[in-house]
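Source file: input26.txt; contents: compact mmCIF, C-alpha atoms and all ligand atoms.
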```txt
# COMPACT_ATOMS: atom_id res chain seq x y z
CA MET A 134 74.16 -13.35 -53.67
CA THR A 135 75.49 -11.16 -56.40
CA THR A 136 79.18 -10.86 -57.08
CA ALA A 137 80.28 -9.29 -60.34
CA LEU A 138 83.59 -7.58 -59.84
CA ASP A 139 84.46 -6.01 -63.16
CA LEU A 140 86.77 -3.30 -61.83
CA SER A 141 89.06 -3.15 -64.86
CA ALA A 142 86.07 -2.83 -67.22
CA ALA A 143 84.73 -0.02 -65.04
CA ALA A 144 88.10 1.75 -65.10
CA ALA A 145 88.32 1.36 -68.89
CA LEU A 146 84.82 2.80 -69.31
CA LEU A 147 85.70 5.80 -67.16
CA ARG A 148 88.90 6.40 -69.14
CA ALA A 149 86.79 6.44 -72.32
CA HIS A 150 84.27 9.01 -71.01
CA ALA A 151 85.18 12.60 -70.10
CA ARG A 152 81.69 13.45 -68.83
CA VAL A 153 80.25 11.53 -65.92
CA LEU A 154 77.04 11.55 -63.88
CA VAL A 155 77.55 10.03 -60.42
CA ALA A 156 74.33 9.05 -58.63
CA CYS A 157 73.32 7.44 -55.34
CA HIS A 158 70.06 5.98 -54.06
CA GLU A 159 67.05 7.96 -52.83
CA ALA A 160 66.90 8.89 -49.14
CA PRO A 161 70.68 8.53 -49.05
CA ASP A 162 72.63 7.39 -45.98
CA GLY A 163 76.27 8.02 -45.07
CA ASP A 164 77.60 5.31 -47.37
CA ALA A 165 75.59 6.55 -50.36
CA LEU A 166 76.66 10.17 -49.83
CA GLY A 167 80.26 9.29 -48.96
CA SER A 168 80.48 7.24 -52.17
CA LEU A 169 78.84 9.99 -54.22
CA VAL A 170 81.18 12.71 -52.98
CA GLY A 171 84.32 10.53 -52.75
CA LEU A 172 84.04 9.29 -56.32
CA GLY A 173 82.76 12.58 -57.74
CA LEU A 174 85.48 14.74 -56.16
CA SER A 175 88.24 12.36 -57.07
CA LEU A 176 87.21 12.17 -60.72
CA ARG A 177 86.82 15.94 -60.91
CA ASN A 178 90.26 16.51 -59.35
CA ALA A 179 91.68 14.35 -62.13
CA GLY A 180 89.96 16.34 -64.88
CA TRP A 181 86.63 14.62 -65.46
CA ASP A 182 83.51 16.75 -66.01
CA VAL A 183 81.37 15.48 -63.11
CA VAL A 184 77.74 16.08 -62.12
CA LEU A 185 76.49 14.68 -58.78
CA TRP A 186 72.90 13.46 -58.59
CA ALA A 187 71.23 12.68 -55.25
CA PRO A 188 67.66 11.83 -56.36
CA GLY A 189 64.59 12.80 -54.37
CA ASP A 190 62.86 15.88 -53.05
CA SER A 191 63.17 15.63 -49.27
CA PRO A 192 66.14 17.60 -47.87
CA LEU A 193 69.47 15.76 -47.72
CA PRO A 194 70.43 14.84 -44.13
CA ASP A 195 72.17 17.66 -42.23
CA ASP A 196 74.61 15.16 -40.68
CA TYR A 197 76.42 14.87 -44.00
CA ARG A 198 76.20 18.49 -45.26
CA TRP A 199 79.87 19.07 -44.41
CA LEU A 200 80.80 16.61 -47.15
CA GLY A 201 79.80 19.35 -49.61
CA LEU A 202 76.38 18.28 -50.79
CA ASP A 203 75.08 21.67 -51.94
CA GLU A 204 76.11 21.08 -55.52
CA ALA A 205 74.28 17.74 -55.77
CA LYS A 206 71.38 17.90 -58.23
CA ARG A 207 68.06 16.44 -57.09
CA LEU A 208 66.89 15.76 -60.66
CA PRO A 209 68.96 14.20 -63.48
CA PRO A 210 70.69 16.96 -65.50
CA ALA A 211 69.42 17.81 -69.00
CA ASP A 212 72.49 16.21 -70.59
CA ALA A 213 72.25 12.97 -68.56
CA SER A 214 71.93 10.80 -71.66
CA GLU A 215 75.28 12.11 -72.97
CA ARG A 216 77.13 11.14 -69.78
CA LEU A 217 78.56 7.95 -68.38
CA LEU A 218 76.26 7.11 -65.47
CA VAL A 219 77.99 5.71 -62.37
CA THR A 220 75.61 4.63 -59.60
CA VAL A 221 76.90 3.98 -56.09
CA ASP A 222 75.36 2.01 -53.18
CA CYS A 223 72.27 1.47 -55.31
CA GLY A 224 70.73 -2.01 -55.67
CA SER A 225 68.43 -1.33 -58.61
CA ALA A 226 67.48 1.33 -61.17
CA GLU A 227 64.27 1.89 -59.18
CA ARG A 228 66.29 2.87 -56.09
CA LEU A 229 67.39 5.95 -58.08
CA GLY A 230 63.79 7.16 -57.78
CA SER A 231 61.12 7.77 -60.39
CA ASP A 232 63.65 9.08 -62.96
CA GLY A 233 65.98 6.13 -62.35
CA PRO A 234 64.93 3.49 -64.88
CA ALA A 235 64.72 5.99 -67.78
CA THR A 236 68.06 7.57 -66.86
CA VAL A 237 69.75 4.16 -66.75
CA ALA A 238 68.13 3.13 -70.04
CA THR A 239 69.21 6.29 -71.91
CA ALA A 240 72.69 6.88 -70.40
CA SER A 241 75.53 6.71 -72.93
CA ALA A 242 77.02 3.93 -70.76
CA SER A 243 76.66 2.86 -67.14
CA ILE A 244 78.56 1.46 -64.17
CA ASN A 245 76.86 0.04 -61.07
CA LEU A 246 79.11 0.05 -58.00
CA ASP A 247 77.38 -1.59 -55.05
CA HIS A 248 77.43 -4.07 -52.18
CA HIS A 249 73.73 -5.05 -51.85
CA GLY A 250 73.22 -8.81 -52.08
CA ASP A 251 70.02 -8.31 -54.06
CA ASN A 252 71.61 -5.99 -56.64
CA THR A 253 69.93 -6.49 -60.03
CA CYS A 254 73.11 -5.80 -62.06
CA PHE A 255 71.17 -3.24 -64.07
CA ALA A 256 74.15 -1.42 -65.63
CA GLY A 257 76.45 -2.08 -68.57
CA VAL A 258 79.33 -2.78 -66.19
CA ASN A 259 78.57 -4.09 -62.72
CA VAL A 260 81.01 -3.89 -59.81
CA VAL A 261 78.91 -5.62 -57.19
CA ASP A 262 80.39 -7.31 -54.13
CA ALA A 263 77.94 -8.35 -51.43
CA ASN A 264 80.88 -9.15 -49.17
CA SER A 265 82.09 -5.55 -49.17
CA PRO A 266 81.17 -3.84 -45.87
CA CYS A 267 80.20 -0.66 -47.69
CA ALA A 268 80.14 0.96 -51.11
CA THR A 269 82.91 3.47 -50.31
CA ILE A 270 85.45 0.61 -50.13
CA LEU A 271 84.45 -0.35 -53.69
CA VAL A 272 84.90 3.29 -54.68
CA LEU A 273 88.41 3.16 -53.21
CA HIS A 274 89.20 0.02 -55.24
CA LEU A 275 87.99 1.79 -58.39
CA LEU A 276 90.07 4.91 -57.65
CA ARG A 277 93.12 2.66 -57.18
CA ALA A 278 92.36 0.86 -60.47
CA LEU A 279 92.38 4.31 -62.11
CA ASP A 280 95.57 5.24 -60.26
CA LEU A 281 93.99 8.40 -58.85
CA PRO A 282 95.37 10.15 -55.74
CA ILE A 283 93.24 10.02 -52.56
CA THR A 284 93.07 13.57 -51.17
CA LEU A 285 92.08 14.19 -47.53
CA GLU A 286 88.60 15.32 -48.60
CA VAL A 287 88.10 12.12 -50.58
CA ALA A 288 89.50 9.99 -47.76
CA GLU A 289 87.06 11.59 -45.28
CA ALA A 290 84.10 10.89 -47.57
CA LEU A 291 85.16 7.24 -47.97
CA TYR A 292 85.69 6.87 -44.21
CA VAL A 293 82.12 8.08 -43.56
CA GLY A 294 80.75 5.15 -45.56
CA ILE A 295 82.74 2.66 -43.51
CA VAL A 296 81.79 4.16 -40.13
CA THR A 297 78.08 4.44 -40.89
CA ASP A 298 77.51 1.14 -42.74
CA THR A 299 79.40 -0.92 -40.12
CA GLY A 300 77.53 0.78 -37.25
CA ARG A 301 80.79 2.37 -36.06
CA PHE A 302 82.64 -0.96 -36.55
CA MET A 303 80.12 -2.96 -34.51
CA TYR A 304 77.99 -4.85 -37.06
CA ALA A 305 78.80 -8.27 -38.51
CA ASN A 306 80.17 -6.61 -41.66
CA ALA A 307 82.91 -4.82 -39.66
CA SER A 308 85.45 -7.11 -41.31
CA ALA A 309 89.22 -7.06 -41.17
CA GLU A 310 89.11 -5.27 -44.51
CA SER A 311 86.91 -2.50 -43.09
CA HIS A 312 89.46 -1.91 -40.33
CA ARG A 313 92.41 -2.14 -42.73
CA VAL A 314 90.91 0.39 -45.14
CA ALA A 315 89.96 2.64 -42.22
CA ALA A 316 93.58 2.51 -41.05
CA GLU A 317 94.80 3.46 -44.54
CA LEU A 318 92.42 6.42 -44.60
CA ILE A 319 93.59 7.52 -41.14
CA GLU A 320 97.16 7.37 -42.44
CA LEU A 321 96.03 9.71 -45.22
CA GLY A 322 94.98 12.24 -42.58
CA VAL A 323 91.43 11.32 -41.55
CA ASP A 324 90.81 12.19 -37.89
CA PRO A 325 88.30 9.66 -36.46
CA ALA A 326 87.37 11.82 -33.45
CA GLN A 327 86.64 14.77 -35.72
CA ILE A 328 84.50 12.65 -38.04
CA PHE A 329 82.66 11.28 -34.98
CA ARG A 330 81.89 14.83 -33.82
CA ARG A 331 80.67 15.86 -37.28
CA LEU A 332 78.44 12.80 -37.63
CA TYR A 333 77.10 12.25 -34.14
CA GLU A 334 77.58 15.32 -31.93
CA GLY A 335 76.21 18.85 -31.84
CA LYS A 336 72.75 17.76 -32.91
CA PRO A 337 69.50 19.66 -32.26
CA ALA A 338 67.47 18.76 -29.15
CA SER A 339 64.51 18.09 -31.45
CA ARG A 340 66.23 14.89 -32.58
CA VAL A 341 66.44 13.43 -29.07
CA GLN A 342 62.88 14.62 -28.35
CA LEU A 343 61.67 12.81 -31.48
CA GLN A 344 63.57 9.66 -30.54
CA ALA A 345 62.03 9.72 -27.05
CA ARG A 346 58.54 9.81 -28.56
CA ILE A 347 59.35 7.02 -31.00
CA LEU A 348 60.81 4.82 -28.26
CA SER A 349 57.70 5.32 -26.15
CA SER A 350 55.71 3.60 -28.92
CA LEU A 351 57.78 0.41 -28.54
CA GLU A 352 55.83 -2.84 -28.95
CA LEU A 353 57.27 -6.30 -28.34
CA ARG A 354 55.45 -8.86 -30.46
CA LEU A 355 55.69 -12.60 -31.21
CA ASP A 356 56.87 -13.37 -27.69
CA GLY A 357 59.50 -10.66 -27.89
CA ARG A 358 61.08 -11.79 -31.18
CA LEU A 359 59.89 -8.63 -32.94
CA ALA A 360 60.43 -5.09 -31.63
CA VAL A 361 58.40 -2.43 -33.45
CA ALA A 362 58.27 1.33 -32.98
CA TYR A 363 56.46 3.98 -34.96
CA VAL A 364 57.22 7.44 -36.29
CA THR A 365 53.98 9.39 -36.68
CA LEU A 366 53.25 12.74 -38.30
CA ALA A 367 52.17 13.94 -34.84
CA ASP A 368 55.68 13.09 -33.53
CA LEU A 369 57.33 15.03 -36.35
CA ASP A 370 55.01 18.03 -35.86
CA ALA A 371 55.32 18.08 -32.07
CA THR A 372 59.12 18.00 -32.10
CA ASN A 373 59.72 19.93 -35.32
CA ALA A 374 62.11 17.14 -36.32
CA SER A 375 62.43 15.34 -39.64
CA GLU A 376 62.11 11.66 -40.47
CA ALA A 377 65.91 11.49 -40.87
CA ASP A 378 66.22 12.41 -37.17
CA ALA A 379 64.77 8.99 -36.34
CA GLU A 380 67.98 7.32 -37.56
CA GLY A 381 69.63 5.41 -34.74
CA VAL A 382 66.44 4.57 -32.86
CA ILE A 383 66.34 1.18 -34.54
CA ASP A 384 69.64 0.24 -32.87
CA ALA A 385 67.95 0.65 -29.48
CA LEU A 386 65.20 -1.74 -30.64
CA ARG A 387 67.64 -4.37 -31.83
CA SER A 388 69.57 -4.20 -28.54
CA ILE A 389 66.68 -5.69 -26.55
CA ALA A 390 67.29 -9.23 -25.25
CA GLY A 391 65.44 -11.87 -27.24
CA VAL A 392 64.67 -9.59 -30.19
CA GLU A 393 65.35 -11.14 -33.61
CA VAL A 394 64.01 -8.34 -35.79
CA ALA A 395 63.77 -4.61 -35.10
CA ALA A 396 61.29 -2.65 -37.20
CA LEU A 397 60.81 1.10 -37.41
CA VAL A 398 57.60 2.04 -39.20
CA GLY A 399 57.76 5.49 -40.78
CA ALA A 400 55.06 8.12 -41.15
CA PRO A 401 53.57 8.53 -44.64
CA ARG A 402 55.04 11.60 -46.32
CA SER A 403 52.82 14.28 -47.79
CA GLY A 404 51.72 13.25 -51.26
CA GLU A 405 52.40 9.59 -50.56
CA GLY A 406 48.87 8.85 -49.32
CA ARG A 407 48.88 5.76 -47.16
CA VAL A 408 52.32 4.47 -48.12
CA HIS A 409 54.13 3.35 -44.97
CA LYS A 410 57.87 2.76 -45.07
CA CYS A 411 59.57 0.34 -42.78
CA SER A 412 63.24 -0.13 -41.85
CA LEU A 413 64.32 -3.56 -40.64
CA ARG A 414 67.39 -4.71 -38.72
CA SER A 415 68.33 -8.25 -37.83
CA ALA A 416 69.50 -8.78 -34.27
CA GLN A 417 70.52 -12.41 -34.84
CA PRO A 418 72.97 -13.75 -37.43
CA HIS A 419 70.51 -16.39 -38.67
CA VAL A 420 67.65 -13.93 -39.32
CA ASP A 421 67.69 -12.52 -42.86
CA VAL A 422 65.65 -9.31 -42.94
CA ALA A 423 66.20 -8.86 -46.70
CA ARG A 424 63.84 -11.85 -47.12
CA ILE A 425 61.14 -10.04 -45.14
CA ALA A 426 61.76 -6.84 -47.11
CA HIS A 427 61.44 -8.72 -50.41
CA ALA A 428 58.05 -10.04 -49.29
CA GLY A 429 57.02 -6.41 -48.93
CA GLY A 430 58.40 -5.43 -52.33
CA GLY A 431 61.59 -3.87 -50.90
CA GLY A 432 65.18 -5.01 -50.54
CA GLY A 433 68.49 -4.55 -48.81
CA HIS A 434 71.09 -6.54 -46.93
CA THR A 435 70.76 -9.65 -44.75
CA LEU A 436 71.13 -7.55 -41.59
CA ALA A 437 69.56 -4.27 -42.73
CA ALA A 438 66.74 -3.85 -45.21
CA GLY A 439 63.55 -1.94 -45.86
CA PHE A 440 60.28 -1.88 -47.75
CA ALA A 441 57.16 0.24 -48.24
CA VAL A 442 53.54 -0.83 -48.46
CA GLU A 443 50.39 0.90 -49.60
CA GLY A 444 48.39 0.49 -46.41
CA SER A 445 48.34 1.26 -42.72
CA ALA A 446 51.10 0.89 -40.15
CA ALA A 447 49.19 -2.16 -38.88
CA ASP A 448 49.40 -3.72 -42.36
CA VAL A 449 53.19 -3.34 -42.20
CA VAL A 450 53.32 -5.22 -38.90
CA VAL A 451 51.01 -7.97 -40.19
CA LEU A 452 53.39 -8.55 -43.10
CA ILE A 453 56.49 -8.75 -40.89
CA GLU A 454 54.79 -11.09 -38.42
CA ARG A 455 53.63 -13.39 -41.22
CA GLU A 456 57.17 -13.63 -42.63
CA LEU A 457 58.77 -14.03 -39.22
CA ARG A 458 56.34 -16.77 -38.18
CA GLY A 459 57.19 -18.66 -41.35
CA ALA A 460 60.93 -18.30 -40.70
MN MN B 501 75.84 0.92 -48.25
```
Can you dump the structure from the file as structure tokens?
Amino acid sequence: MTTALDLSAAAALLRAHARVLVACHEAPDGDALGSLVGLGLSLRNAGWDVVLWAPGDSPLPDDYRWLGLDEAKRLPPADASERLLVTVDCGSAERLGSDGPATVATASASINLDHHGDNTCFAGVNVVDANSPCATILVLHLLRALDLPITLEVAEALYVGIVTDTGRFMYANASAESHRVAAELIELGVDPAQIFRRLYEGKPASRVQLQARILSSLELRLDGRLAVAYVTLADLDATNASEADAEGVIDALRSIAGVEVAALVGAPRSGEGRVHKCSLRSAQPHVDVARIAHAGGGGGHTLAAGFAVEGSAADVVVLIERELRGA
């Protein structure tokens, strides 16, 4: 497991660079976007010239729009090579998408701020702590190292990363530190009930309709150790929902008695041919889903990981079953 906590080197590098490019991983979640906005806003408030980069071409999730995502670029800016690149919640240069490796290689300097155990330490300075519940807590440590004020907007963005990555303080990573930092952010003005409403309430009916269809595809395999469900293009068309609306279904799969691994197999996106993506969650402390994801060429955390394979949905299941049988 990777631990490389070079916070003071990261702070020194930021002090030496007036122009910064902050980037998160493709298909970003709440922690990635909370880190992106929290760090970006805070640096800008203190006078840095900041560009936000959220790589990819599918729309950013509506749940997090209120963070102020409209300014985020989807492609690296033309002057990327002249900026200090700071990546957040991103385990490898490849997770920044197809422009990732070249952008990392040509950046004037780089900082990698992350909590994935399989982080490749791809940057010049790596602040990687696999024991951190989320990336936004590492962002907070960096802001403190720089002695920057935490405004309410920044505090809300950081809080989002904690809430989403700890499964609303229910997963094994919901440590004392996650609660302590949450309490600090609440003292700075964050209203947990308001954040809950923004993240989880007032959603379109199409989301629940999509989730109902996905749940109806549930299969229990390997004597109930593996719960699999599928998102198909027909589901997305019939409900007029997006793939991101499937988020949360996997928690229903992992809640089933006897299940060790929950798997949600995604529909291939247009232009991706037969590439099937798969999200994995561990339902038992001793089951490491990152190991399964690595076997499929992906990565992630012990309890939450993912991979993609060129092949059918059935090929995805074959791979998981093979790894789980060997476990
Ligand atoms: Mn994260």
What residues of the protein or nucleic acid chains come within 10 Å of ligand MN 501 (chain B) when you use all atoms listed in the file? Reply as a ChimeraX atom specification. /A:157-158,161-168,221-224,247-249,265-270,294-295,297-299,433-434,437
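Using all atoms listed in the file, the residues found no farther than 10 Å from Glu380 of chain A, other than those of its own chain fewer than 4 positions away, are A:Asp162, A:Arg340, A:Gln344, A:Ser375, A:Glu376, A:Asp384, A:Leu397, A:Ser412.
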Find the residues around Glu317 of chain A up to 12 Å (only C-alpha atoms counted), leave out those fewer than 5 positions away in its own chain, and share them as a list in words. Ile270, Leu273, Ile283, Leu285, Ala288, Glu289, Leu291, Tyr292, Glu310, Ser311, His312, Gly322, Val323 and Asp324 of chain A
Quick one: distance from atom CA of His409 of chain A to atom CA of Ala371 of chain A in Å, one decimal?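 Interatomic distance here is 19.6 Å.
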Report as number ranges by chain all protein, DNA and RNA residues lying within 10 Å of Leu185 of chain A, evaluated on only C-alpha atoms, omitting residues in the same chain fewer than 4 positions from it. A: 153-157, 169-170, 172-174, 202-210, 219
Since the input lacks atoms, please generate N, CA, C and O atoms for segment 407-420 of chain A and provide them as a PDB file, in the coordinates of the input.
```
ATOM      1  N   ARG A 407      48.785   6.681 -48.277  1.00  0.00           N
ATOM      2  CA  ARG A 407      48.880   5.760 -47.160  1.00  0.00           C
ATOM      3  C   ARG A 407      50.120   4.889 -47.242  1.00  0.00           C
ATOM      4  O   ARG A 407      50.188   3.825 -46.616  1.00  0.00           O
ATOM      5  N   VAL A 408      51.121   5.300 -47.999  1.00  0.00           N
ATOM      6  CA  VAL A 408      52.320   4.470 -48.120  1.00  0.00           C
ATOM      7  C   VAL A 408      53.134   4.547 -46.814  1.00  0.00           C
ATOM      8  O   VAL A 408      53.548   5.624 -46.395  1.00  0.00           O
ATOM      9  N   HIS A 409      53.314   3.407 -46.182  1.00  0.00           N
ATOM     10  CA  HIS A 409      54.130   3.350 -44.970  1.00  0.00           C
ATOM     11  C   HIS A 409      55.460   2.672 -45.270  1.00  0.00           C
ATOM     12  O   HIS A 409      55.486   1.580 -45.826  1.00  0.00           O
ATOM     13  N   LYS A 410      56.539   3.340 -44.886  1.00  0.00           N
ATOM     14  CA  LYS A 410      57.870   2.760 -45.070  1.00  0.00           C
ATOM     15  C   LYS A 410      58.287   2.057 -43.803  1.00  0.00           C
ATOM     16  O   LYS A 410      57.876   2.446 -42.707  1.00  0.00           O
ATOM     17  N   CYS A 411      59.112   1.065 -43.960  1.00  0.00           N
ATOM     18  CA  CYS A 411      59.570   0.340 -42.780  1.00  0.00           C
ATOM     19  C   CYS A 411      61.040  -0.028 -42.929  1.00  0.00           C
ATOM     20  O   CYS A 411      61.460  -0.575 -43.947  1.00  0.00           O
ATOM     21  N   SER A 412      61.847   0.300 -41.899  1.00  0.00           N
ATOM     22  CA  SER A 412      63.240  -0.130 -41.850  1.00  0.00           C
ATOM     23  C   SER A 412      63.333  -1.365 -40.982  1.00  0.00           C
ATOM     24  O   SER A 412      62.665  -1.437 -39.945  1.00  0.00           O
ATOM     25  N   LEU A 413      64.164  -2.306 -41.385  1.00  0.00           N
ATOM     26  CA  LEU A 413      64.320  -3.560 -40.640  1.00  0.00           C
ATOM     27  C   LEU A 413      65.783  -3.776 -40.292  1.00  0.00           C
ATOM     28  O   LEU A 413      66.674  -3.498 -41.107  1.00  0.00           O
ATOM     29  N   ARG A 414      66.038  -4.286 -39.088  1.00  0.00           N
ATOM     30  CA  ARG A 414      67.390  -4.710 -38.720  1.00  0.00           C
ATOM     31  C   ARG A 414      67.298  -6.092 -38.104  1.00  0.00           C
ATOM     32  O   ARG A 414      66.403  -6.357 -37.293  1.00  0.00           O
ATOM     33  N   SER A 415      68.238  -6.939 -38.452  1.00  0.00           N
ATOM     34  CA  SER A 415      68.330  -8.250 -37.830  1.00  0.00           C
ATOM     35  C   SER A 415      69.189  -8.149 -36.576  1.00  0.00           C
ATOM     36  O   SER A 415      70.224  -7.491 -36.576  1.00  0.00           O
ATOM     37  N   ALA A 416      68.721  -8.793 -35.509  1.00  0.00           N
ATOM     38  CA  ALA A 416      69.500  -8.780 -34.270  1.00  0.00           C
ATOM     39  C   ALA A 416      70.176 -10.137 -34.052  1.00  0.00           C
ATOM     40  O   ALA A 416      70.870 -10.322 -33.051  1.00  0.00           O
ATOM     41  N   GLN A 417      69.950 -11.072 -34.973  1.00  0.00           N
ATOM     42  CA  GLN A 417      70.520 -12.410 -34.840  1.00  0.00           C
ATOM     43  C   GLN A 417      71.126 -12.821 -36.179  1.00  0.00           C
ATOM     44  O   GLN A 417      70.493 -12.606 -37.207  1.00  0.00           O
ATOM     45  N   PRO A 418      72.302 -13.429 -36.157  1.00  0.00           N
ATOM     46  CA  PRO A 418      72.970 -13.750 -37.430  1.00  0.00           C
ATOM     47  C   PRO A 418      72.125 -14.626 -38.365  1.00  0.00           C
ATOM     48  O   PRO A 418      72.241 -14.504 -39.580  1.00  0.00           O
ATOM     49  N   HIS A 419      71.252 -15.471 -37.803  1.00  0.00           N
ATOM     50  CA  HIS A 419      70.510 -16.390 -38.670  1.00  0.00           C
ATOM     51  C   HIS A 419      69.232 -15.763 -39.240  1.00  0.00           C
ATOM     52  O   HIS A 419      68.555 -16.380 -40.049  1.00  0.00           O
ATOM     53  N   VAL A 420      68.890 -14.556 -38.830  1.00  0.00           N
ATOM     54  CA  VAL A 420      67.650 -13.930 -39.320  1.00  0.00           C
ATOM     55  C   VAL A 420      67.975 -12.976 -40.466  1.00  0.00           C
ATOM     56  O   VAL A 420      68.724 -12.016 -40.292  1.00  0.00           O
TER      57      VAL A 420
END
```
